[in-house]
file protein.txt (compact mmCIF, C-alpha atoms)
# COMPACT_ATOMS: atom_id res chain seq x y z
CA MET G 1 12.87 -4.80 -10.75
CA ARG G 2 14.78 -6.69 -13.45
CA GLY G 3 16.88 -4.29 -15.51
CA ARG G 4 16.19 -1.42 -13.12
CA VAL G 5 17.96 -2.42 -9.91
CA ASN G 6 21.64 -3.42 -9.84
CA PHE G 7 21.95 -5.38 -6.60
CA ASP G 8 25.75 -5.49 -6.84
CA THR G 9 26.28 -1.73 -7.08
CA HIS G 10 23.09 -0.82 -5.16
CA LYS G 11 21.90 1.46 -7.96
CA VAL G 12 18.41 2.07 -9.33
CA THR G 13 17.94 3.30 -12.90
CA LEU G 14 14.53 4.44 -14.12
CA GLY G 15 14.98 5.70 -17.67
CA GLY G 16 11.59 7.40 -17.80
CA LEU G 17 12.64 9.89 -15.10
CA LYS G 18 16.28 10.50 -16.05
CA VAL G 19 15.89 13.87 -17.78
CA TYR G 20 13.62 15.26 -15.05
CA LEU G 21 15.51 14.10 -11.94
CA PRO G 22 17.22 17.49 -11.28
CA THR G 23 13.85 19.28 -11.52
CA ILE G 24 12.14 16.82 -9.18
CA ARG G 25 14.97 17.12 -6.63
CA ARG G 26 14.54 20.92 -6.58
CA CYS G 27 10.77 20.87 -6.13
CA ARG G 28 8.97 22.45 -3.18
CA ARG G 29 6.75 19.43 -2.49
CA ILE G 30 5.59 16.14 -4.00
CA VAL G 31 1.85 15.46 -4.29
CA PHE G 32 0.62 11.90 -4.90
CA ILE G 33 -2.80 11.80 -6.56
CA ALA G 34 -4.67 8.53 -7.08
CA CYS G 35 -7.83 6.52 -6.35
CA GLY G 36 -8.56 3.27 -4.52
CA THR G 37 -5.75 0.74 -4.36
CA SER G 38 -3.39 3.08 -6.22
CA TYR G 39 -3.97 5.68 -3.50
CA HIS G 40 -3.03 3.11 -0.87
CA SER G 41 0.24 2.30 -2.66
CA ALA G 42 1.09 6.01 -2.59
CA LEU G 43 0.16 6.23 1.10
CA ALA G 44 2.31 3.17 1.86
CA THR G 45 5.42 4.78 0.36
CA ARG G 46 4.92 8.37 1.50
CA ALA G 47 7.07 7.97 4.61
CA ILE G 48 10.08 6.54 2.74
CA PHE G 49 9.82 9.35 0.15
CA GLU G 50 9.98 11.94 2.92
CA GLU G 51 12.81 10.15 4.71
CA LEU G 52 15.04 9.66 1.66
CA THR G 53 14.38 12.92 -0.20
CA GLU G 54 13.57 15.25 2.73
CA ILE G 55 10.88 16.79 0.52
CA PRO G 56 7.35 17.27 1.98
CA VAL G 57 4.96 14.70 0.53
CA SER G 58 1.16 14.70 0.56
CA THR G 59 -1.30 12.09 -0.71
CA GLU G 60 -4.61 13.04 -2.29
CA LEU G 61 -7.68 11.13 -3.43
CA ALA G 62 -8.22 12.41 -6.96
CA SER G 63 -11.95 13.07 -6.54
CA ASP G 64 -11.47 15.05 -3.31
CA PHE G 65 -8.49 16.89 -4.82
CA LEU G 66 -10.72 18.09 -7.66
CA ASP G 67 -13.67 18.92 -5.41
CA ARG G 68 -11.46 21.19 -3.28
CA LYS G 69 -9.65 22.74 -6.25
CA CYS G 70 -6.44 22.16 -4.31
CA PRO G 71 -3.80 24.90 -4.81
CA ILE G 72 -0.99 23.68 -7.09
CA PHE G 73 2.10 25.69 -8.03
CA ARG G 74 4.81 25.60 -10.69
CA ASP G 75 7.42 24.27 -8.26
CA ASP G 76 5.27 21.29 -7.25
CA VAL G 77 5.76 17.76 -8.58
CA CYS G 78 2.51 15.81 -8.93
CA VAL G 79 2.67 12.02 -9.20
CA PHE G 80 -0.37 10.26 -10.69
CA VAL G 81 -0.71 6.56 -9.87
CA SER G 82 -3.17 4.43 -11.87
CA GLN G 83 -3.03 0.78 -12.93
CA SER G 84 -4.94 1.41 -16.15
CA GLY G 85 -3.73 4.93 -16.78
CA GLU G 86 -7.34 5.73 -17.70
CA THR G 87 -8.92 6.45 -14.29
CA ALA G 88 -11.25 9.40 -14.97
CA ASP G 89 -10.71 11.40 -11.76
CA THR G 90 -6.94 10.89 -11.89
CA ILE G 91 -6.78 12.09 -15.51
CA LEU G 92 -8.86 15.18 -14.70
CA ALA G 93 -6.60 15.92 -11.72
CA MET G 94 -3.53 15.60 -13.96
CA ARG G 95 -4.95 18.04 -16.50
CA TYR G 96 -5.77 20.43 -13.66
CA CYS G 97 -2.12 20.29 -12.51
CA LEU G 98 -0.75 20.63 -16.04
CA GLU G 99 -2.76 23.84 -16.48
CA ARG G 100 -1.08 25.23 -13.35
CA GLY G 101 2.43 24.46 -14.53
CA ALA G 102 3.32 21.59 -12.19
CA LEU G 103 5.64 18.80 -13.33
CA CYS G 104 3.44 15.71 -13.79
CA VAL G 105 4.78 12.18 -13.34
CA GLY G 106 2.74 9.12 -14.33
CA VAL G 107 3.03 5.70 -12.69
CA THR G 108 0.92 3.23 -14.68
CA ASN G 109 0.74 -0.37 -15.87
CA THR G 110 -0.47 0.44 -19.38
CA VAL G 111 1.83 1.67 -22.15
CA GLY G 112 0.11 4.29 -24.28
CA SER G 113 -2.57 5.11 -21.71
CA SER G 114 -3.82 8.68 -21.26
CA ILE G 115 -1.69 9.28 -18.16
CA SER G 116 1.40 7.85 -19.91
CA ARG G 117 0.87 10.10 -22.92
CA GLU G 118 -0.10 13.34 -21.21
CA SER G 119 2.33 13.39 -18.25
CA HIS G 120 5.80 14.89 -18.62
CA CYS G 121 7.57 11.70 -17.57
CA GLY G 122 6.89 8.50 -15.70
CA VAL G 123 7.47 4.89 -14.79
CA HIS G 124 5.68 1.79 -16.03
CA ILE G 125 5.24 -0.79 -13.29
CA ASN G 126 5.44 -3.71 -15.78
CA ALA G 127 3.06 -5.93 -13.79
CA GLY G 128 1.52 -7.47 -16.91
CA PRO G 129 -2.24 -7.73 -17.55
CA GLU G 130 -4.40 -7.98 -14.43
CA ILE G 131 -7.80 -9.40 -15.36
CA GLY G 132 -9.55 -9.57 -11.98
CA VAL G 133 -11.26 -6.40 -10.79
CA ALA G 134 -9.57 -6.47 -7.37
CA SER G 135 -6.03 -5.19 -7.78
CA THR G 136 -3.37 -7.32 -6.08
CA LYS G 137 -0.21 -7.73 -8.14
CA ALA G 138 -0.59 -4.16 -9.42
CA TYR G 139 -0.57 -2.93 -5.81
CA THR G 140 2.68 -4.78 -5.15
CA SER G 141 4.24 -3.51 -8.37
CA GLN G 142 3.14 0.09 -7.75
CA TYR G 143 4.55 -0.09 -4.22
CA ILE G 144 7.93 -1.35 -5.48
CA ALA G 145 8.04 1.18 -8.34
CA LEU G 146 7.41 4.06 -5.93
CA VAL G 147 10.12 2.81 -3.56
CA MET G 148 12.53 2.66 -6.51
CA ILE G 149 11.64 6.24 -7.47
CA ALA G 150 12.38 7.38 -3.90
CA ILE G 151 15.75 5.59 -3.98
CA GLN G 152 16.76 7.15 -7.30
CA LEU G 153 15.68 10.64 -6.22
CA SER G 154 17.91 10.41 -3.13
CA GLU G 155 21.06 9.18 -4.89
CA ASP G 156 22.62 12.64 -4.57
CA ARG G 157 22.36 12.38 -0.75
CA THR G 158 25.46 10.71 0.66
CA SER G 159 23.92 10.66 4.13
CA MET G 160 21.25 8.23 2.86
CA THR G 161 23.66 5.72 1.28
CA GLN G 162 23.41 3.15 4.07
CA ARG G 163 19.62 3.39 4.17
CA ARG G 164 19.35 3.02 0.38
CA ASN G 165 21.62 -0.03 0.43
CA GLU G 166 19.52 -1.58 3.19
CA ILE G 167 16.33 -1.11 1.15
CA ILE G 168 17.89 -2.48 -2.05
CA ASP G 169 19.10 -5.56 -0.15
CA GLY G 170 15.52 -5.91 1.12
CA LEU G 171 14.19 -5.77 -2.44
CA HIS G 172 16.64 -8.52 -3.42
CA ALA G 173 15.30 -10.83 -0.70
CA LEU G 174 11.66 -10.02 -1.41
CA PRO G 175 10.76 -12.72 -4.00
CA GLN G 176 11.79 -15.55 -1.66
CA GLN G 177 10.01 -13.94 1.29
CA ILE G 178 6.80 -13.62 -0.74
CA LYS G 179 7.00 -17.36 -1.47
CA GLU G 180 7.29 -18.00 2.27
CA VAL G 181 4.12 -15.98 2.94
CA LEU G 182 2.22 -17.80 0.19
CA ALA G 183 3.23 -21.09 1.83
CA ILE G 184 0.92 -20.37 4.81
CA ASP G 185 -2.17 -20.27 2.57
CA GLN G 186 -3.69 -23.41 4.15
CA GLU G 187 -3.45 -21.78 7.57
CA LEU G 188 -5.24 -18.69 6.24
CA GLN G 189 -7.93 -20.80 4.60
CA ARG G 190 -8.59 -22.49 7.93
CA LEU G 191 -8.72 -19.11 9.71
CA ALA G 192 -11.25 -17.82 7.19
CA ARG G 193 -13.41 -20.93 7.51
CA GLU G 194 -13.30 -21.41 11.28
CA VAL G 195 -13.09 -17.84 12.62
CA LEU G 196 -14.11 -15.16 10.12
CA HIS G 197 -16.60 -16.69 7.70
CA LYS G 198 -19.70 -16.13 9.86
CA GLU G 199 -18.74 -12.64 11.04
CA LYS G 200 -20.49 -9.52 9.79
CA SER G 201 -17.67 -7.01 10.39
CA LEU G 202 -13.91 -6.94 10.75
CA LEU G 203 -11.52 -4.27 12.03
CA ILE G 204 -7.93 -4.10 10.78
CA MET G 205 -5.51 -1.97 12.81
CA GLY G 206 -1.95 -0.88 12.34
CA ARG G 207 0.29 2.11 12.63
CA GLY G 208 2.97 4.01 10.74
CA MET G 209 3.92 2.35 7.47
CA GLN G 210 1.33 -0.38 8.14
CA ASN G 211 -1.61 2.04 8.11
CA ALA G 212 -1.86 1.78 4.33
CA THR G 213 -1.83 -2.02 4.62
CA CYS G 214 -4.85 -1.82 6.95
CA LEU G 215 -6.77 0.36 4.50
CA GLU G 216 -5.86 -1.77 1.49
CA GLY G 217 -6.60 -5.04 3.29
CA ALA G 218 -9.99 -3.74 4.42
CA LEU G 219 -10.76 -2.60 0.87
CA LYS G 220 -9.92 -6.04 -0.54
CA ILE G 221 -12.13 -7.83 1.99
CA LYS G 222 -15.01 -5.43 1.29
CA GLU G 223 -14.87 -5.57 -2.48
CA VAL G 224 -14.14 -9.29 -2.89
CA SER G 225 -16.06 -11.01 -0.07
CA TYR G 226 -18.72 -8.31 0.67
CA MET G 227 -17.89 -8.44 4.39
CA HIS G 228 -17.89 -5.04 6.09
CA SER G 229 -14.30 -4.26 6.99
CA GLU G 230 -12.64 -1.11 8.26
CA GLY G 231 -8.98 -0.15 8.31
CA ILE G 232 -8.11 1.86 11.41
CA LEU G 233 -5.00 3.79 12.41
CA ALA G 234 -4.15 2.27 15.80
CA GLY G 235 -3.27 5.70 17.16
CA GLU G 236 -6.94 6.68 16.71
CA LEU G 237 -8.26 3.66 18.60
CA LYS G 238 -9.28 5.62 21.71
CA HIS G 239 -10.88 8.36 19.62
CA GLY G 240 -13.92 6.26 18.72
CA PRO G 241 -13.18 2.81 17.22
CA LEU G 242 -12.60 1.25 20.66
CA ALA G 243 -16.37 1.51 21.24
CA LEU G 244 -16.85 -1.20 18.59
CA VAL G 245 -14.60 -3.72 20.32
CA ASP G 246 -16.23 -6.54 22.29
CA GLU G 247 -16.18 -10.34 22.39
CA ASN G 248 -18.09 -10.48 19.09
CA MET G 249 -15.79 -8.22 17.07
CA PRO G 250 -12.80 -9.81 15.29
CA VAL G 251 -9.80 -7.48 15.12
CA ILE G 252 -6.69 -8.01 13.01
CA LEU G 253 -3.65 -6.13 14.31
CA ILE G 254 -0.53 -5.68 12.20
CA MET G 255 2.24 -5.79 14.77
CA THR G 256 5.60 -6.13 13.05
CA ARG G 257 8.99 -5.38 14.58
CA ASP G 258 9.56 -1.72 13.76
CA SER G 259 9.94 1.50 15.75
CA LEU G 260 6.19 1.60 16.52
CA TYR G 261 5.97 -1.96 17.87
CA PRO G 262 5.46 -0.84 21.52
CA LYS G 263 2.60 1.47 20.51
CA VAL G 264 0.81 -1.25 18.54
CA ARG G 265 1.32 -3.59 21.49
CA SER G 266 -0.50 -1.03 23.63
CA ALA G 267 -3.41 -1.14 21.16
CA LEU G 268 -3.41 -4.94 21.45
CA GLU G 269 -3.68 -4.68 25.22
CA GLN G 270 -6.62 -2.29 24.85
CA VAL G 271 -8.42 -4.72 22.53
CA ALA G 272 -7.71 -7.72 24.77
CA ALA G 273 -8.97 -5.83 27.84
CA ARG G 274 -12.33 -5.32 26.08
CA LYS G 275 -12.55 -9.06 25.31
CA GLY G 276 -11.94 -8.49 21.61
CA GLN G 277 -10.86 -11.32 19.30
CA PRO G 278 -7.37 -10.23 18.21
CA ILE G 279 -5.68 -11.93 15.26
CA ILE G 280 -2.10 -10.70 15.03
CA ILE G 281 0.00 -10.39 11.88
CA CYS G 282 3.54 -10.47 13.26
CA ASN G 283 7.06 -11.45 12.28
CA VAL G 284 8.41 -14.98 12.30
CA GLY G 285 10.34 -15.54 15.53
CA ASP G 286 8.54 -12.87 17.57
CA ASP G 287 8.25 -14.74 20.88
CA ALA G 288 6.92 -11.74 22.82
CA ILE G 289 3.37 -12.38 21.62
CA SER G 290 1.27 -14.57 23.91
CA SER G 291 0.32 -18.01 22.62
CA ASP G 292 -3.26 -17.17 23.69
CA PHE G 293 -3.64 -15.04 20.56
CA LYS G 294 -4.12 -16.29 17.01
CA THR G 295 -1.13 -15.25 14.91
CA ILE G 296 -0.23 -14.98 11.23
CA ARG G 297 3.55 -14.91 10.92
CA VAL G 298 5.41 -13.32 8.01
CA PRO G 299 9.16 -12.86 7.43
CA GLN G 300 10.79 -9.67 8.68
CA THR G 301 12.19 -7.21 6.18
CA VAL G 302 13.11 -3.52 6.02
CA ASP G 303 10.37 -1.43 7.64
CA CYS G 304 9.43 0.40 4.43
CA LEU G 305 9.00 -2.92 2.56
CA GLN G 306 7.19 -4.82 5.32
CA GLY G 307 3.81 -3.81 3.91
CA LEU G 308 4.53 -5.86 0.79
CA LEU G 309 4.50 -8.98 2.98
CA THR G 310 1.76 -8.08 5.47
CA ILE G 311 -0.76 -7.33 2.71
CA ILE G 312 -0.58 -10.86 1.27
CA PRO G 313 -2.38 -12.62 4.17
CA LEU G 314 -5.19 -10.05 3.92
CA GLN G 315 -5.48 -10.57 0.16
CA LEU G 316 -5.62 -14.35 0.66
CA LEU G 317 -8.20 -13.99 3.44
CA SER G 318 -10.39 -11.91 1.12
CA TYR G 319 -10.13 -14.67 -1.50
CA HIS G 320 -11.03 -17.48 0.90
CA LEU G 321 -13.90 -15.50 2.45
CA ALA G 322 -15.30 -14.86 -1.03
CA CYS G 323 -15.04 -18.55 -1.93
CA LEU G 324 -16.81 -19.53 1.30
CA ALA G 325 -19.57 -17.01 0.55
CA GLY G 326 -19.94 -18.37 -2.98
CA VAL G 327 -19.29 -15.06 -4.74
CA ASP G 328 -17.31 -14.36 -7.91
CA VAL G 329 -13.79 -13.51 -6.79
CA ASP G 330 -12.68 -12.04 -10.11
CA PHE G 331 -15.71 -9.89 -10.85
CA PRO G 332 -17.32 -8.40 -7.71
CA ARG G 333 -20.81 -7.00 -8.18
CA ASN G 334 -21.27 -3.35 -9.19
CA LEU G 335 -17.53 -2.80 -9.84
CA ALA G 336 -15.41 -2.29 -12.97
CA LYS G 337 -11.70 -2.89 -13.45
CA SER G 338 -11.09 0.62 -14.74
CA VAL G 339 -13.21 3.56 -13.56
CA THR G 340 -13.33 5.63 -16.74
CA VAL G 341 -16.26 7.91 -15.81
CA GLU G 342 -16.70 10.24 -12.84
call {"tool": "encode", "arguments": {"input": "protein.txt", "output": "structure tokens"}}
result
Amino acid sequence: MRGRVNFDTHKVTLGGLKVYLPTIRRCRRIVFIACGTSYHSALATRAIFEELTEIPVSTELASDFLDRKCPIFRDDVCVFVSQSGETADTILAMRYCLERGALCVGVTNTVGSSISRESHCGVHINAGPEIGVASTKAYTSQYIALVMIAIQLSEDRTSMTQRRNEIIDGLHALPQQIKEVLAIDQELQRLAREVLHKEKSLLIMGRGMQNATCLEGALKIKEVSYMHSEGILAGELKHGPLALVDENMPVILIMTRDSLYPKVRSALEQVAARKGQPIIICNVGDDAISSDFKTIRVPQTVDCLQGLLTIIPLQLLSYHLACLAGVDVDFPRNLAKSVTVE
């Protein structure tokens, strides 16, 4: 954020987009195209893009996008998110969109990468080198970069001024809040050792802006600790996943104080009624949650930034579960840092 966000004037400046901002604001729709963790960062910020810009936004997995030969038009803006900038499917999807005349925006962590060079414009997330295969700090940096893009795109909308200011104030408080979450690491280590280590499967449920956190958290636990884990949209609970819930199934629910809190609480009641083992990620000071449940408490922030805090306990749990299982945290089996072939 340094050099890009002025917290005094509540302004965001992303030089890589400056020339193309008018074109992006006039577009018919925005299409995010990515793979893996990068896809989840796009999914996590889709709602705030739609709210601030009032432009329809869709998110696409690059491989599926190519398989379907998705229709793309000249008045579309396609945003390609990739830590390395060399992800094979994402590059092929970008070239597909370039051939059809769409404006292509790259969001990468690597200066001089293929996506940086071949896209019309873009933003570098400036996360620094990430050596471990499992992407953690890149996810956070992609998430923040995409939020900043949404803020800058909406600066011509006076009606969104208060909302933008609220988000920028939230960004300012974020570093200290992240430190507060990291401070509960011992508690998470104990939870991993005493509750989750011997389990075979784990469900992670949330709703709204927390859905992406569930998917990303489940991915981290799968790839780092080799425990089967599934991220579930809580609104889909009664459409199948509820059949998995019993006294032997641990369930993590992300239940932060936002507009969907009552609906996630309903999902909690459904899990508890089936004798599930709910572990609740909630906000500090939320006294409405029964002391009978295990809780992981994180600071409260603006709804669209809350996922930056709720993902950290899941990342730490994946680390501790991997250590307990005796597996290599930095280099999971069968995986590469950058997927450069289809």
call {"tool": "closest_residue", "arguments": {"input": "protein.txt", "among": "G:Gln176, G:Gln162, G:Thr136, G:Thr90", "to": "Glu118 (chain G)", "atoms": "all atoms listed in the file"}}
result
G:Thr90
call {"tool": "closest_residue", "arguments": {"input": "protein.txt", "among": "G:Leu308, G:Ile151, G:Ala34, G:Leu242", "to": "Thr213 (chain G)", "atoms": "only C-alpha atoms"}}
result
G:Leu308
call {"tool": "atom_distance", "arguments": {"input": "protein.txt", "atom1": "CA of Arg46 (chain G)", "atom2": "CA of Arg117 (chain G)"}}
result
24.8 Å
call {"tool": "residues_around", "arguments": {"input": "protein.txt", "residues": "Asp330 (chain G)", "least_positions_apart": "5", "cutoff": "12 Å", "atoms": "all atoms listed in the file", "output": "CSV table (one decimal) with C-alpha atoms, in the coordinates of the input"}}
result
chain,number,residue,atom,x,y,z
G,130,GLU,CA,-4.4,-8.0,-14.4
G,131,ILE,CA,-7.8,-9.4,-15.4
G,132,GLY,CA,-9.6,-9.6,-12.0
G,133,VAL,CA,-11.3,-6.4,-10.8
G,134,ALA,CA,-9.6,-6.5,-7.4
G,135,SER,CA,-6.0,-5.2,-7.8
G,136,THR,CA,-3.4,-7.3,-6.1
G,220,LYS,CA,-9.9,-6.0,-0.5
G,223,GLU,CA,-14.9,-5.6,-2.5
G,224,VAL,CA,-14.1,-9.3,-2.9
G,225,SER,CA,-16.1,-11.0,-0.1
G,318,SER,CA,-10.4,-11.9,1.1
G,319,TYR,CA,-10.1,-14.7,-1.5
G,322,ALA,CA,-15.3,-14.9,-1.0
G,323,CYS,CA,-15.0,-18.6,-1.9
G,335,LEU,CA,-17.5,-2.8,-9.8
G,336,ALA,CA,-15.4,-2.3,-13.0
G,337,LYS,CA,-11.7,-2.9,-13.4
call {"tool": "atom_distance", "arguments": {"input": "protein.txt", "atom1": "CA of Leu21 (chain G)", "atom2": "CA of Asp169 (chain G)"}}
result
23.2 Å
call {"tool": "closest_residue", "arguments": {"input": "protein.txt", "among": "G:His228, G:Lys137, G:Arg25, G:His40", "to": "Ser154 (chain G)", "atoms": "only C-alpha atoms"}}
result
G:Arg25
call {"tool": "atom_distance", "arguments": {"input": "protein.txt", "atom1": "CA of Asp76 (chain G)", "atom2": "CA of Arg29 (chain G)"}}
result
5.3 Å
call {"tool": "residues_around", "arguments": {"input": "protein.txt", "residues": "Cys27 (chain G)", "least_positions_apart": "6", "cutoff": "8 Å", "atoms": "all atoms listed in the file", "output": "list in words"}}
result
Ile55, Asp75, Asp76 and Val77 of chain G
